[in-house]
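**Q** So I've got this file, target-v5.tsv, and it contains TSV, C-alpha atoms:
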```
chain	number	residue	atom	x	y	z
A	16	MET	CA	67.63	-82.83	-136.07
A	17	ASN	CA	68.76	-84.23	-132.72
A	18	THR	CA	71.24	-82.73	-130.22
A	19	ASP	CA	73.80	-85.49	-130.90
A	20	ALA	CA	74.07	-84.41	-134.53
A	21	HIS	CA	74.83	-80.81	-133.50
A	22	GLU	CA	77.40	-81.93	-130.94
A	23	GLN	CA	78.99	-84.26	-133.47
A	24	ALA	CA	79.18	-81.41	-135.96
A	25	ARG	CA	80.70	-79.04	-133.39
A	26	LYS	CA	83.33	-81.58	-132.38
A	27	LEU	CA	84.29	-82.06	-136.01
A	28	ILE	CA	84.55	-78.29	-136.43
A	29	ALA	CA	86.68	-77.88	-133.29
A	30	LEU	CA	89.06	-80.65	-134.31
A	31	ALA	CA	89.22	-79.86	-138.02
A	32	GLY	CA	92.73	-80.16	-139.43
A	33	SER	CA	94.20	-81.56	-136.24
A	34	GLU	CA	94.74	-85.08	-137.55
A	35	GLU	CA	96.01	-86.79	-140.67
A	36	PRO	CA	93.16	-86.90	-143.20
A	37	SER	CA	91.67	-90.37	-143.59
A	38	ALA	CA	88.84	-92.00	-145.53
A	39	THR	CA	86.61	-91.71	-142.46
A	40	ASP	CA	87.40	-88.01	-142.31
A	41	GLN	CA	86.32	-87.56	-145.91
A	42	SER	CA	82.91	-89.04	-145.19
A	43	SER	CA	82.69	-87.05	-141.93
A	44	ASN	CA	83.55	-83.87	-143.79
A	45	ALA	CA	80.88	-84.58	-146.39
A	46	TRP	CA	78.37	-85.15	-143.60
A	47	LEU	CA	79.49	-81.95	-141.86
A	48	ALA	CA	79.20	-79.92	-145.04
A	49	ALA	CA	75.66	-81.20	-145.55
A	50	HIS	CA	74.83	-80.47	-141.91
A	51	LEU	CA	76.19	-76.92	-142.10
A	52	GLU	CA	74.03	-76.27	-145.18
A	53	THR	CA	70.94	-76.73	-143.07
A	54	CYS	CA	72.03	-75.73	-139.53
A	55	ALA	CA	72.53	-72.02	-138.88
A	56	SER	CA	73.67	-72.45	-135.26
A	57	CYS	CA	76.47	-74.89	-136.19
A	58	ARG	CA	77.44	-72.59	-139.08
A	59	SER	CA	77.71	-69.75	-136.61
A	60	PHE	CA	79.77	-71.99	-134.29
A	61	ALA	CA	82.13	-72.77	-137.17
A	62	GLU	CA	82.58	-69.06	-137.91
A	63	ASN	CA	83.19	-68.33	-134.23
A	64	VAL	CA	85.74	-71.12	-133.97
A	65	GLY	CA	87.56	-69.65	-136.96
A	66	GLU	CA	87.56	-66.21	-135.31
A	67	THR	CA	88.67	-67.67	-131.98
A	68	VAL	CA	91.56	-69.57	-133.53
A	69	ARG	CA	92.66	-66.44	-135.41
A	70	GLY	CA	92.36	-64.51	-132.15
A	71	LEU	CA	94.37	-67.10	-130.23
A	72	ARG	CA	97.14	-66.94	-132.78
A	73	ALA	CA	97.14	-63.16	-132.54
A	74	ILE	CA	97.64	-62.97	-128.76
A	75	PRO	CA	101.05	-61.31	-128.58
A	76	ILE	CA	102.94	-63.03	-125.77
A	77	ALA	CA	106.69	-63.02	-126.27
A	78	ALA	CA	109.69	-63.55	-124.05
A	79	GLU	CA	111.71	-60.41	-123.46
A	80	ARG	CA	115.28	-60.22	-124.69
A	81	SER	CA	116.58	-59.63	-121.16
A	82	LEU	CA	114.87	-62.81	-119.91
A	83	VAL	CA	116.47	-64.85	-122.67
A	84	SER	CA	119.97	-63.48	-122.06
A	85	THR	CA	119.65	-63.85	-118.27
A	86	THR	CA	118.53	-67.44	-118.76
A	87	GLN	CA	121.44	-68.16	-121.06
A	88	ILE	CA	123.90	-66.76	-118.50
A	89	THR	CA	122.25	-68.68	-115.63
A	90	VAL	CA	122.32	-71.92	-117.60
A	91	ARG	CA	126.00	-71.44	-118.53
A	92	ARG	CA	126.88	-70.73	-114.90
A	93	ARG	CA	125.01	-73.83	-113.74
A	94	ALA	CA	126.69	-75.91	-116.47
A	95	LEU	CA	130.06	-74.75	-115.14
A	96	GLU	CA	129.07	-75.66	-111.58
A	97	LEU	CA	127.97	-79.11	-112.69
A	98	GLN	CA	131.21	-79.53	-114.60
A	99	ARG	CA	133.23	-78.67	-111.47
A	100	GLN	CA	131.11	-81.02	-109.37
A	101	LYS	CA	131.75	-83.75	-111.88
A	102	GLU	CA	135.48	-83.10	-111.70
A	103	ARG	CA	135.42	-83.19	-107.91
A	104	LEU	CA	133.44	-86.41	-108.01
A	105	TRP	CA	136.15	-87.90	-110.21
A	106	LEU	CA	138.76	-86.94	-107.59
A	107	VAL	CA	137.08	-89.01	-104.84
A	108	PRO	CA	137.84	-92.51	-106.20
A	109	VAL	CA	141.31	-91.34	-107.28
A	110	SER	CA	142.07	-90.09	-103.75
A	111	CYS	CA	140.71	-93.30	-102.22
A	112	THR	CA	142.89	-95.41	-104.50
A	113	ALA	CA	145.96	-93.29	-103.68
A	114	VAL	CA	145.32	-93.59	-99.92
A	115	ALA	CA	144.79	-97.37	-100.19
A	116	LEU	CA	148.00	-97.73	-102.19
A	117	CYS	CA	150.01	-95.66	-99.68
A	118	ALA	CA	148.59	-97.67	-96.76
A	119	LEU	CA	149.50	-100.94	-98.48
A	120	LEU	CA	153.08	-99.84	-99.19
A	121	SER	CA	153.67	-98.37	-95.73
A	122	THR	CA	152.22	-101.49	-94.05
A	123	ALA	CA	154.55	-103.70	-96.06
A	124	ALA	CA	157.53	-101.47	-95.21
A	125	LEU	CA	156.60	-101.45	-91.49
A	126	TRP	CA	156.21	-105.23	-91.48
A	127	ARG	CA	159.72	-105.55	-92.91
A	128	GLY	CA	161.02	-103.06	-90.34
A	129	PHE	CA	159.50	-104.95	-87.40
A	130	GLU	CA	160.80	-108.24	-88.79
A	131	TRP	CA	164.33	-106.77	-89.04
A	132	LEU	CA	164.15	-105.34	-85.50
A	133	GLY	CA	162.84	-108.70	-84.14
A	134	THR	CA	165.69	-110.58	-85.79
A	135	ARG	CA	168.28	-108.05	-84.50
A	136	ALA	CA	166.87	-108.28	-80.96
A	137	GLN	CA	166.57	-112.08	-81.29
A	138	LEU	CA	162.87	-112.01	-80.40
A	139	ALA	CA	160.40	-114.77	-81.18
A	140	SER	CA	158.41	-113.96	-84.33
A	141	SER	CA	155.13	-113.92	-82.38
A	142	VAL	CA	156.51	-111.12	-80.16
A	143	TRP	CA	157.47	-108.68	-82.95
A	144	GLN	CA	154.25	-109.57	-84.77
A	145	VAL	CA	152.20	-108.55	-81.69
A	146	GLY	CA	154.36	-105.42	-81.51
A	147	PHE	CA	153.54	-104.64	-85.13
A	148	LEU	CA	149.83	-105.11	-84.45
A	149	VAL	CA	149.93	-102.83	-81.39
A	150	PHE	CA	151.90	-100.23	-83.39
A	151	CYS	CA	149.30	-100.30	-86.17
A	152	LEU	CA	146.41	-100.07	-83.75
A	153	MET	CA	148.12	-97.45	-81.58
A	154	PRO	CA	146.64	-94.34	-83.27
A	155	ALA	CA	143.11	-95.75	-83.03
A	156	LEU	CA	143.69	-96.82	-79.40
A	157	LEU	CA	145.10	-93.41	-78.46
A	158	VAL	CA	142.18	-91.57	-80.06
A	159	GLY	CA	139.74	-93.91	-78.29
A	160	ILE	CA	141.41	-93.33	-74.93
A	161	LEU	CA	141.46	-89.55	-75.45
A	162	LEU	CA	137.77	-89.50	-76.39
A	163	LEU	CA	136.86	-91.58	-73.35
A	164	ALA	CA	138.90	-89.26	-71.13
A	165	LYS	CA	137.23	-86.22	-72.66
A	166	ASP	CA	133.76	-87.73	-72.10
A	167	LYS	CA	134.66	-88.54	-68.49
A	168	ASP	CA	136.00	-85.02	-67.98
A	169	LEU	CA	132.82	-83.52	-69.37
A	170	ALA	CA	130.68	-85.81	-67.23
A	171	ASP	CA	132.66	-84.80	-64.14
A	172	HIS	CA	132.20	-81.10	-64.95
A	173	THR	CA	128.48	-81.50	-65.52
A	174	GLY	CA	128.27	-83.44	-62.28
A	175	SER	CA	130.02	-80.69	-60.35
A	176	TYR	CA	127.66	-78.08	-61.76
A	177	THR	CA	124.53	-80.06	-61.02
A	178	GLY	CA	125.86	-81.25	-57.70
B	15	MET	CA	113.50	-84.24	-137.11
B	16	ALA	CA	114.91	-87.58	-135.92
B	17	GLN	CA	118.42	-86.43	-136.79
B	18	ASP	CA	117.84	-83.14	-134.99
B	19	SER	CA	116.59	-84.97	-131.92
B	20	THR	CA	119.62	-87.28	-131.96
B	21	GLU	CA	122.00	-84.33	-132.14
B	22	ILE	CA	120.11	-82.53	-129.38
B	23	ALA	CA	120.15	-85.67	-127.21
B	24	ARG	CA	123.90	-86.04	-127.73
B	25	GLY	CA	124.49	-82.37	-126.88
B	26	LEU	CA	122.29	-82.55	-123.80
B	27	ARG	CA	124.18	-85.57	-122.51
B	28	ARG	CA	127.39	-83.54	-122.89
B	29	ARG	CA	125.66	-80.51	-121.30
B	30	ASP	CA	126.86	-78.48	-124.23
B	31	PRO	CA	126.24	-74.80	-123.30
B	32	ASP	CA	126.33	-73.65	-126.93
B	33	LEU	CA	123.57	-76.07	-127.83
B	34	LEU	CA	121.52	-74.87	-124.86
B	35	ASP	CA	122.02	-71.26	-125.95
B	36	ARG	CA	120.66	-72.14	-129.38
B	37	LEU	CA	117.71	-74.05	-127.95
B	38	ILE	CA	116.83	-71.20	-125.59
B	39	GLU	CA	116.81	-68.82	-128.56
B	40	GLN	CA	114.80	-71.22	-130.69
B	41	TYR	CA	112.11	-72.02	-128.14
B	42	GLN	CA	112.02	-68.72	-126.23
B	43	HIS	CA	108.61	-67.47	-127.38
B	44	ARG	CA	106.91	-70.84	-127.62
B	45	LEU	CA	107.96	-71.91	-124.14
B	46	PHE	CA	107.19	-68.55	-122.62
B	47	ARG	CA	103.71	-68.45	-124.21
B	48	TYR	CA	103.04	-71.92	-122.89
B	49	LEU	CA	104.17	-71.01	-119.38
B	50	VAL	CA	102.07	-67.84	-119.37
B	51	SER	CA	99.08	-69.84	-120.56
B	52	LEU	CA	99.56	-72.41	-117.80
B	53	THR	CA	100.32	-70.08	-114.93
B	54	GLY	CA	98.37	-67.03	-116.03
B	55	HIS	CA	101.14	-64.84	-114.57
B	56	ARG	CA	103.88	-63.24	-116.56
B	57	GLU	CA	106.35	-62.91	-113.67
B	58	LEU	CA	105.84	-66.46	-112.53
B	59	ALA	CA	106.23	-67.62	-116.12
B	60	GLU	CA	109.58	-65.78	-116.28
B	61	ASP	CA	110.83	-67.59	-113.16
B	62	LEU	CA	109.65	-70.93	-114.47
B	63	PHE	CA	111.18	-70.21	-117.85
B	64	GLN	CA	114.62	-70.06	-116.22
B	65	GLU	CA	113.91	-73.07	-114.03
B	66	THR	CA	112.83	-75.07	-117.06
B	67	TRP	CA	116.14	-74.51	-118.82
B	68	ILE	CA	118.11	-75.35	-115.68
B	69	ARG	CA	116.08	-78.57	-115.47
B	70	VAL	CA	116.79	-79.26	-119.14
B	71	LEU	CA	120.51	-78.85	-118.40
B	72	GLU	CA	120.40	-81.09	-115.34
B	73	ARG	CA	118.12	-83.79	-116.72
B	74	GLY	CA	119.10	-83.55	-120.37
B	75	HIS	CA	120.37	-87.14	-120.33
B	76	GLN	CA	116.76	-88.27	-119.84
B	77	PHE	CA	115.66	-86.88	-123.20
B	78	ASN	CA	114.75	-89.70	-125.55
B	79	ASP	CA	115.61	-88.82	-129.14
B	80	ARG	CA	112.67	-90.84	-130.44
B	81	TYR	CA	110.49	-87.86	-129.52
B	82	ALA	CA	110.57	-84.25	-130.61
B	83	PHE	CA	112.59	-82.02	-128.30
B	84	GLY	CA	109.73	-79.49	-128.11
B	85	THR	CA	107.35	-82.09	-126.72
B	86	TRP	CA	109.83	-83.08	-124.01
B	87	LEU	CA	110.62	-79.45	-123.21
B	88	PHE	CA	106.94	-78.63	-122.73
B	89	ALA	CA	106.49	-81.70	-120.53
B	90	VAL	CA	109.43	-80.57	-118.36
B	91	ALA	CA	107.91	-77.09	-118.09
B	92	ARG	CA	104.51	-78.54	-117.25
B	93	ASN	CA	105.96	-80.65	-114.43
B	94	LEU	CA	107.68	-77.59	-112.99
B	95	VAL	CA	104.41	-75.65	-113.05
B	96	ILE	CA	102.64	-78.51	-111.28
B	97	ASP	CA	105.44	-78.73	-108.68
B	98	HIS	CA	105.20	-75.00	-108.13
B	99	MET	CA	101.44	-75.15	-107.72
B	100	ARG	CA	101.72	-78.00	-105.25
B	101	ARG	CA	104.18	-75.98	-103.19
B	102	LYS	CA	102.03	-72.88	-103.30
B	103	GLN	CA	98.60	-74.41	-102.93
B	104	PRO	CA	97.72	-78.08	-102.69
B	105	ALA	CA	95.20	-77.95	-105.52
B	106	SER	CA	95.10	-78.64	-109.22
B	107	LEU	CA	96.05	-76.16	-111.91
B	108	ASP	CA	92.45	-74.98	-112.03
B	109	GLY	CA	92.69	-72.39	-109.30
B	110	LEU	CA	95.52	-70.51	-110.91
B	111	LEU	CA	93.77	-67.54	-112.34
B	112	ASN	CA	91.29	-66.75	-109.63
B	113	ASP	CA	93.22	-64.01	-107.93
B	114	GLY	CA	92.26	-61.28	-110.36
B	115	GLU	CA	95.70	-60.71	-111.85
B	116	THR	CA	95.97	-59.87	-115.50
B	117	ALA	CA	97.53	-62.70	-117.40
B	118	PHE	CA	97.13	-62.17	-121.07
B	119	ASP	CA	98.18	-58.60	-121.29
B	120	VAL	CA	97.49	-57.63	-124.86
B	121	PRO	CA	99.52	-54.52	-125.51
B	122	ALA	CA	98.21	-51.75	-127.69
B	123	THR	CA	99.57	-51.93	-131.18
B	124	GLY	CA	100.23	-48.21	-131.46
B	125	GLN	CA	98.78	-48.25	-134.98
B	126	ALA	CA	96.17	-45.83	-136.33
B	127	SER	CA	92.77	-46.91	-135.12
B	128	ALA	CA	91.24	-48.19	-138.32
B	129	TRP	CA	87.84	-49.76	-137.70
B	130	ASP	CA	88.89	-53.28	-138.66
B	131	THR	CA	92.04	-53.17	-136.59
B	132	THR	CA	90.13	-51.91	-133.60
B	133	LEU	CA	87.45	-54.52	-134.00
B	134	GLN	CA	90.02	-57.26	-134.40
B	135	ARG	CA	91.95	-56.03	-131.39
B	136	GLU	CA	88.80	-55.88	-129.35
B	137	GLN	CA	87.97	-59.42	-130.33
B	138	ASN	CA	91.48	-60.57	-129.43
B	139	GLU	CA	91.16	-58.88	-126.08
B	140	HIS	CA	87.88	-60.68	-125.50
B	141	ILE	CA	89.51	-64.00	-126.35
B	142	ALA	CA	92.49	-63.22	-124.11
B	143	ALA	CA	90.08	-62.36	-121.30
B	144	GLY	CA	88.12	-65.54	-121.97
B	145	MET	CA	91.32	-67.57	-121.79
B	146	GLN	CA	91.91	-66.26	-118.28
B	147	HIS	CA	88.62	-67.72	-117.19
B	148	LEU	CA	89.10	-71.14	-118.74
B	149	PRO	CA	90.22	-74.08	-116.62
B	150	ALA	CA	93.99	-74.48	-116.99
B	151	GLU	CA	93.73	-77.83	-118.78
B	152	TYR	CA	91.50	-76.35	-121.52
B	153	ARG	CA	93.77	-73.34	-121.82
B	154	GLU	CA	96.78	-75.61	-122.15
B	155	ALA	CA	95.15	-77.70	-124.88
B	156	LEU	CA	94.12	-74.61	-126.86
B	157	VAL	CA	97.55	-72.99	-126.59
B	158	LEU	CA	99.38	-76.14	-127.63
B	159	ARG	CA	97.01	-76.76	-130.51
B	160	PHE	CA	96.47	-73.30	-131.96
B	161	GLN	CA	99.46	-71.27	-130.82
B	162	GLU	CA	102.12	-73.96	-130.91
B	163	GLY	CA	100.57	-75.96	-133.74
B	164	MET	CA	101.10	-79.30	-132.00
B	165	SER	CA	99.33	-82.42	-133.16
B	166	LEU	CA	96.78	-84.07	-130.88
B	167	VAL	CA	99.23	-86.91	-130.20
B	168	GLU	CA	101.93	-84.45	-129.15
B	169	ILE	CA	99.52	-82.62	-126.87
B	170	ALA	CA	98.49	-85.93	-125.31
B	171	SER	CA	102.16	-86.71	-124.74
B	172	VAL	CA	102.87	-83.34	-123.08
B	173	ALA	CA	99.74	-83.37	-120.92
B	174	ARG	CA	99.98	-87.13	-120.26
B	175	VAL	CA	96.33	-87.73	-120.98
B	176	PRO	CA	94.56	-89.97	-123.52
B	177	LEU	CA	93.91	-88.66	-127.02
B	178	GLY	CA	90.17	-88.56	-126.38
B	179	THR	CA	90.70	-86.26	-123.42
B	180	VAL	CA	92.74	-83.87	-125.56
B	181	LYS	CA	89.96	-83.78	-128.18
B	182	SER	CA	87.38	-83.16	-125.52
B	183	ARG	CA	89.44	-80.36	-123.95
B	184	ILE	CA	89.87	-78.59	-127.28
B	185	TYR	CA	86.19	-78.86	-128.08
B	186	ARG	CA	85.12	-77.71	-124.62
B	187	GLY	CA	87.72	-74.95	-124.56
B	188	LEU	CA	86.57	-73.55	-127.90
B	189	SER	CA	82.93	-73.82	-126.86
B	190	ALA	CA	83.68	-72.01	-123.61
B	191	LEU	CA	85.40	-69.20	-125.51
B	192	GLU	CA	82.43	-68.64	-127.82
B	193	PRO	CA	80.52	-66.30	-125.48
B	194	TRP	CA	83.71	-64.31	-124.89
B	195	LEU	CA	84.23	-63.86	-128.61
B	196	LYS	CA	80.72	-62.47	-128.94
B	197	GLY	CA	81.29	-60.25	-125.91
B	198	GLU	CA	78.41	-61.94	-124.09
B	199	ALA	CA	80.48	-63.07	-121.15
B	200	LEU	CA	82.02	-59.68	-120.36
```
Let me see whether you can do it: turn the structure in this file into C-alpha cells.
**A**
Amino acid sequence: MNTDAHEQARKLIALAGSEEPSATDQSSNAWLAAHLETCASCRSFAENVGETVRGLRAIPIAAERSLVSTTQITVRRRALELQRQKERLWLVPVSCTAVALCALLSTAALWRGFEWLGTRAQLASSVWQVGFLVFCLMPALLVGILLLAKDKDLADHTGSYTG
Amino acid sequence: MAQDSTEIARGLRRRDPDLLDRLIEQYQHRLFRYLVSLTGHRELAEDLFQETWIRVLERGHQFNDRYAFGTWLFAVARNLVIDHMRRKQPASLDGLLNDGETAFDVPATGQASAWDTTLQREQNEHIAAGMQHLPAEYREALVLRFQEGMSLVEIASVARVPLGTVKSRIYRGLSALEPWLKGEAL
C-alpha cells in the first residue's frame, strides 16, 4: 500500500461529515471502509481524530456574565453617541440653509435701503450702488486691515527684541 | 435563516440597541471561544470581544443579509485580531502563542475523580495544550469546524481562503494534535 493511499484515507477521515454527502462521497466512503479494514495505522488515526474532536468540543471556554453585560452597556453608550453625532450632523445643513436665507433677505433689504437713500439724496444710481458694495465689503475689509496691523505690530516687536 | 439575516440587517442599519443586546447574548460564547482560539489570551480576547461588538454597531450597515450573521461576525472579529497583531507586532498570527502564557485554561470540574472522568479530562487538557502549539490558522480552522460547527464554505468565507486551504488546515491541524492526544508531545 503506498503513502498516497494512507494520506488520502487520513484526509477523508479528517473531513468526514463536513460536506453535503454526494455520490462521490459514497464511493470514497466505501473505499475508506475497505482501507480501514486492512490498515491499522489509519484505523488508529480515525480513533484519535474522534477523540480529538470530542476533546475539542469539551474545552470549556465561555464568556463571563460580567463581560457580556459590560459589552452591552458599552455598545448602548456608543449607540447613543452615534445617534447624537447623527443629530448634530443633521443640524449642519439646516444651519447653513438658515444662514444663507438670512443673508439673502438682509441683502435684499439693504439694497432697498440704499436705493431709497440714493433717491432721497438725489444721487446717481452708480454712486449708491458703490456705497452698497463698500458697505457689504466693509466687515471683511476692516478685519483684513486689523489683521495686517496686528502682523505689522508683531513684526515691529520682534524686530525691537532682535535689534 | 434568510429571514433572520434580513431582520438582523435591518436592525443593524437602524443601530437598534435591543437587537444588539440579543445578538451579544446569542453569540457570547461562540465569539469568545473563537477570539480565545485566535489570540490565545483570555484578557486580550475580552478586549477584542467588546471591540468586535462596537465594530458591529458602527459598520452594521455593511452586513449583507445574503450571508449568515455568524459568518460576518466572525470575519469582523478576525479582522480586529489581525489589526491588533499588526499594531503589536508586524508578523502574522502565527507568533501569537509563543510567549508562554496559558491560553486554554481548562478549569477543574470539581467532580469526584472517577477514572474515566480523570482520563477524559487529562486528554482534554492534552488537546488544549496541543492547540496552544498549533499555528493560529490551523487552530482557527479546527475551532470553527468542531467547536462552532461551521461548514467548510463558511470557514473559507470567514478566513478568506480557498476551500482547499480550509480542508488542508483541518487535516494538518488534526494530524498535528495526534501526538498531543497520545501524550507524546508533552
**Q** If we count only C-alpha atoms, which residues of chain A reach to within 6 Å of chain B? Please list them as a ChimeraX atom specification.
**A** /A:26,29,70,72,76-78,86-87,90-91
**Q** Convert the current residue selection to file output with C-alpha atoms, as a PDB file, in the frame of the given file.
**A**
```pdb
ATOM      1  CA  LYS A  26      83.330 -81.580-132.380  1.00  0.00           C
ATOM      2  CA  ALA A  29      86.680 -77.880-133.290  1.00  0.00           C
ATOM      3  CA  GLY A  70      92.360 -64.510-132.150  1.00  0.00           C
ATOM      4  CA  ARG A  72      97.140 -66.940-132.780  1.00  0.00           C
ATOM      5  CA  ILE A  76     102.940 -63.030-125.770  1.00  0.00           C
ATOM      6  CA  ALA A  77     106.690 -63.020-126.270  1.00  0.00           C
ATOM      7  CA  ALA A  78     109.690 -63.550-124.050  1.00  0.00           C
ATOM      8  CA  THR A  86     118.530 -67.440-118.760  1.00  0.00           C
ATOM      9  CA  GLN A  87     121.440 -68.160-121.060  1.00  0.00           C
ATOM     10  CA  VAL A  90     122.320 -71.920-117.600  1.00  0.00           C
ATOM     11  CA  ARG A  91     126.000 -71.440-118.530  1.00  0.00           C
TER      12      ARG A  91
END
```
**Q** Please provide as an MDAnalysis selection string all residues within 12 Å of region 143-155 of chain A, with the sequence filter that same-chain residues fewer than 2 positions apart are discarded (counting only C-alpha atoms).
**A** chainID A and resid 118 121:141 157:162
**Q** Please, what distance in Å, to one decimal, runs between CA of Val83 (chain A) and CA of Gln100 (chain A)?
**A**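 Computing it gives 25.5 Å between the two atoms.
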**Q** One number please: CA of Ala31 (chain A) to CA of Ala91 (chain B), in Å, one decimal.
**A**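 Distance reported for this atom pair: 27.5 Å.
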**Q** One decimal, Å: what's the distance from CA of Leu33 (chain B) over to CA of Phe88 (chain B), could you say?
**A**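 Going from CA of Leu33 (chain B) over to CA of Phe88 (chain B) covers 17.6 Å.
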**Q** Quick one: axis-aligned box around all listed atoms of region 97-101 of chain A, 3 Å on every side, centre and edge lengths in Å to one decimal, written as AutoDock Vina command-line options.
**A**
```
--center_x 130.6 --center_y -81.2 --center_z -112.0 --size_x 11.3 --size_y 11.1 --size_z 11.2
```
**Q** Tell me which protein, DNA and RNA residues are within 10 Å of Asn44 (chain A), counting all atoms listed in the file, leaving out same-chain ones fewer than 6 positions away, and put them as a PDB file with C-alpha atoms, keeping the file's coordinate frame.
**A**
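See out17.pdb below for the written result:
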```pdb
ATOM      1  CA  ALA A  24      79.180 -81.410-135.960  1.00  0.00           C
ATOM      2  CA  LEU A  27      84.290 -82.060-136.010  1.00  0.00           C
ATOM      3  CA  ILE A  28      84.550 -78.290-136.430  1.00  0.00           C
ATOM      4  CA  ALA A  31      89.220 -79.860-138.020  1.00  0.00           C
ATOM      5  CA  ALA A  38      88.840 -92.000-145.530  1.00  0.00           C
ATOM      6  CA  HIS A  50      74.830 -80.470-141.910  1.00  0.00           C
TER       7      HIS A  50
END
```
